[in-house]
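J.: The structure follows.
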There are 2 protein chains.
Amino acid sequence: MEELPLAEQFEQLIQRGDKLAIAEFLNDQNISDVAELINEYPDYEAQIIANMAIHRAASVFKILDITEQRRIVKELPPFKTAELLNELPADDRTDFLEELPKEVIRDLIKLIDPEERKITLSLLGYPEDSVGRLMTPDYVYVYEHNTVDEALSVIRKVAKSSETVDVIYIINEKGELVDDVKLRDIIIAATDKKMGELLDGRVVALNVNDDQEHASQVFKMNNRVALPVTDDNNILLGIVTIDDMLWVANEEFSEDMQKMGGTEALEEPYLETPFFKLIKKRVGWLIVLFIGEMLTATAMAYFSDELAKAIVLSIFVPLIMSSGGNSGSQASTLIIQAMAVGEVSLSDWWRVLRRELLSGLTLGSILGSIGFLRICLWHFLMQHGVIQDLYGPHWLLVGFSVGFSLIGVVLWGTLSGSMLPIILKKLGADPAASSAPFVATLVDVTGLVIYFSVAFIFLKGILL
Amino acid sequence: MEELPLAEQFEQLIQRGDKLAIAEFLNDQNISDVAELINEYPDYEAQIIANMAIHRAASVFKILDITEQRRIVKELPPFKTAELLNELPADDRTDFLEELPKEVIRDLIKLIDPEERKITLSLLGYPEDSVGRLMTPDYVYVYEHNTVDEALSVIRKVAKSSETVDVIYIINEKGELVDDVKLRDIIIAATDKKMGELLDGRVVALNVNDDQEHASQVFKMNNRVALPVTDDNNILLGIVTIDDMLWVANEEFSEDMQKMGGTEALEEPYLETPFFKLIKKRVGWLIVLFIGEMLTATAMAYFSDELAKAIVLSIFVPLIMSSGGNSGSQASTLIIQAMAVGEVSLSDWWRVLRRELLSGLTLGSILGSIGFLRICLWHFLMQHGVIQDLYGPHWLLVGFSVGFSLIGVVLWGTLSGSMLPIILKKLGADPAASSAPFVATLVDVTGLVIYFSVAFIFLKGILL
């Protein structure tokens, strides 16, 4: 039976209906494998959780999607839910509860033991996306005057219930954070040494109101598996562990991506988001962009006399517009990404502007030349009767109009695409909101104006 | 002096030129603060590294950008570079070396001690983006028959030189991985217990050839700070620590973003990428898209007779095109993001298709109605002489043409935007390559065809 894939082993057990065997089987698996079983057999999800040792059930529960968590809590008998909620580490409990409607939170919180309930309520009091929401109060602390031996016996006592004992915290009588010590350093120290002698005075702490993104940055730059969290008075409130950072990074990533694609950030996975919620998240930006794009109709109407005189001009409108949009979204994505990972900051705006000025001119010249050559080539084909003559005797001037417009439009797209995220950030908004569609829309309208202005210079008195 | 910001303290020390005081000052700071000093005072970067205790210098060096690392190695005297390279953990050394040109790697590898050189060469032999490149061979292992006491003395001996001792590995005589044990479990166990008794038989291991993205997923789903890495025969080769995952997530994120913006992934930060390299990364896609967009000129030329007859049609070309593009990039970003974090897989294509069919119809109907209303409104303004009459007596039919085209174009944009990433993945390509500009281009051409076809239905024999 060892050789069968997990799913098949599980199915056999389910068919046999032997609860004890199922429980034993589930307790033998890695939590990630159990989580996968739940994904595969949603019908048994509550049963799977209910049949596991409660400690392991909590470990599985915390890595499930919020929608699965919700369904499971709905299906479990209340006493099981209570057990589960009490077993869940404080940070994961906050993480689960904060996604629920207020009435449900109220009902569930009643199931939690008084001590844990107090902790949960205080954690839920911190602002969303703050370090406080990620924090767990299950850390190990000792005082400077404790010996290594005393520290070790504290660690032994609480090791099972603490989120991590890999780092131990030293506090003073006021509860202020003094320093952190790695478990490894305690183990190699003589047992009669005072803890105070192990300190290096270099403590990195997070503030409970810090942004979660900031926390992720601090973890990246400091080689720690856990960081202490203090309030403004340096009182140690809890710790944040590095594994939560992987989830934070994931969430930030998803949000940034969604915004850049012109959607409001979804709170749930795409497939789990109810249809009308999905539409609501999408339609807002689409309408704003649509109304913005209506200006293109105004611009086109303004130039309608020119269009009527030289229908050939209208042929290149889509090409010119999209080139501006493409170069704009390219530039804006590059800058948003660089700002998101901290490579470009506000003070770099001048360096970015110079770079993009040059990039825009270079890219524009390349596309402009290709556009010009294409018109020359088509003219040649038209002359030889391969295709219908559209450009007329002034094909060269049309070519110049298109070529030079492309330089202008691409330059403009690149500049506005790169500057917009910086301006948004300066104004305190999220740079990712300058989504590709937003930049494209902005560039489309001005692109038309550039095109018709350039065409006017070349073709005035000839076609126009 | 305690009260001054770090940078000012540093400047004062530099001015005094007291090397000993500088060294002392640097050794007192957190490595992330030293890294920031290096960012702020690039002129002193090599000096800063040279003046620190070598162990801490290595910790700072490994979190710097590759461009800073390169400059520092160029400026340092060879004996310092040798010291630094030897002190660098094996995984960070690989990470640094893999970014360098082959000749430089060859020169630098000569500076490394024979034992470490062997390790480095073997790590560099693993494919890029594989777990092997992240691995460090500095792990702690014991055998099943060892006692807890023996294990602790091994840990004490190697604790200083190992990347992490928070998890200990149990191997058998063949070097095969048996299990991993957390340091905390060893500490709370009786010292005469055999290590074999502490095992839970649930080991999660990575294969050395696994993709780094996969590793990040495994870390997320299993509560571990380090994971063992084995070859195909289950021989333990090294370990990967969770802090590396934050860097991997960052890199994946940057790459996906850049691709989605229509740029090839940059290897260096935006501002550090040489100008012509940046152009090279950008121009490829822009040219491809430009040539694709040329089809719009072909389509417009094809409909030029219609355009000449009803110039009013050309007015709405940009609006229709961009609506398709915007809804397309929105849909594609949503799906790429959902696939990147594992929320949508290939087998979900049918569910996605159904959702997007309905979404496209809904969003299209909303935009179509707005477009239709806007034409009615303008008509009203024209009739009252507020603006010039452009739509003529058939304004209602023009309105219907635009409205229904919008439904079609938005539906088409949504469908192709959502299906393209799935198709690309199915073909083995990166879904992120279906960038917003790419989808927009694809939709532009077909959008025109949809528009003119719908207009033909409504206006045939009237305007056309």
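Each chain of the structure tokens is named A, B, ... in the order shown, its residues numbered from 1; ligands are numbered from 1 in display order.
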As a list of chain:residue names, please: the residues near Trp378 of chain B (cut-off 12 Å, only C-alpha atoms, same-chain neighbours under 6 positions excluded).
T.: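 The residues satisfying every condition are A:Met294, A:Ala297, A:Thr298, A:Ala301, B:Gly371, B:Phe372, B:His384, B:Gly385, B:Val386, B:Ile387, B:Gln388, B:Asp389, B:Leu390, B:Tyr391, B:Gly392, B:Trp395, B:Leu396, B:Val398, B:Gly399.
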J.: Residues near segment 66-76 of chain A, anyone? I mean within 12 Å using only C-alpha atoms, not counting same-chain ones fewer than 2 positions away, as a ChimeraX atom specification.
T.: /A:35-36,38-51,57-58,60-64,78-85,92-93,95-101,104-105,107-108,111,267-274
J.: May I ask for the distance between atom CA of Glu8 of chain B and atom CA of Asp200 of chain A, given in Å to one decimal place?
T.: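 Going from atom CA of Glu8 of chain B over to atom CA of Asp200 of chain A, I get 22.8 Å.
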J.: Please compute the atom CA of Met245 of chain B-atom CA of Asp211 of chain A distance, one decimal, in Å.
T.: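 Separating atom CA of Met245 of chain B from atom CA of Asp211 of chain A is a distance of 20.0 Å.
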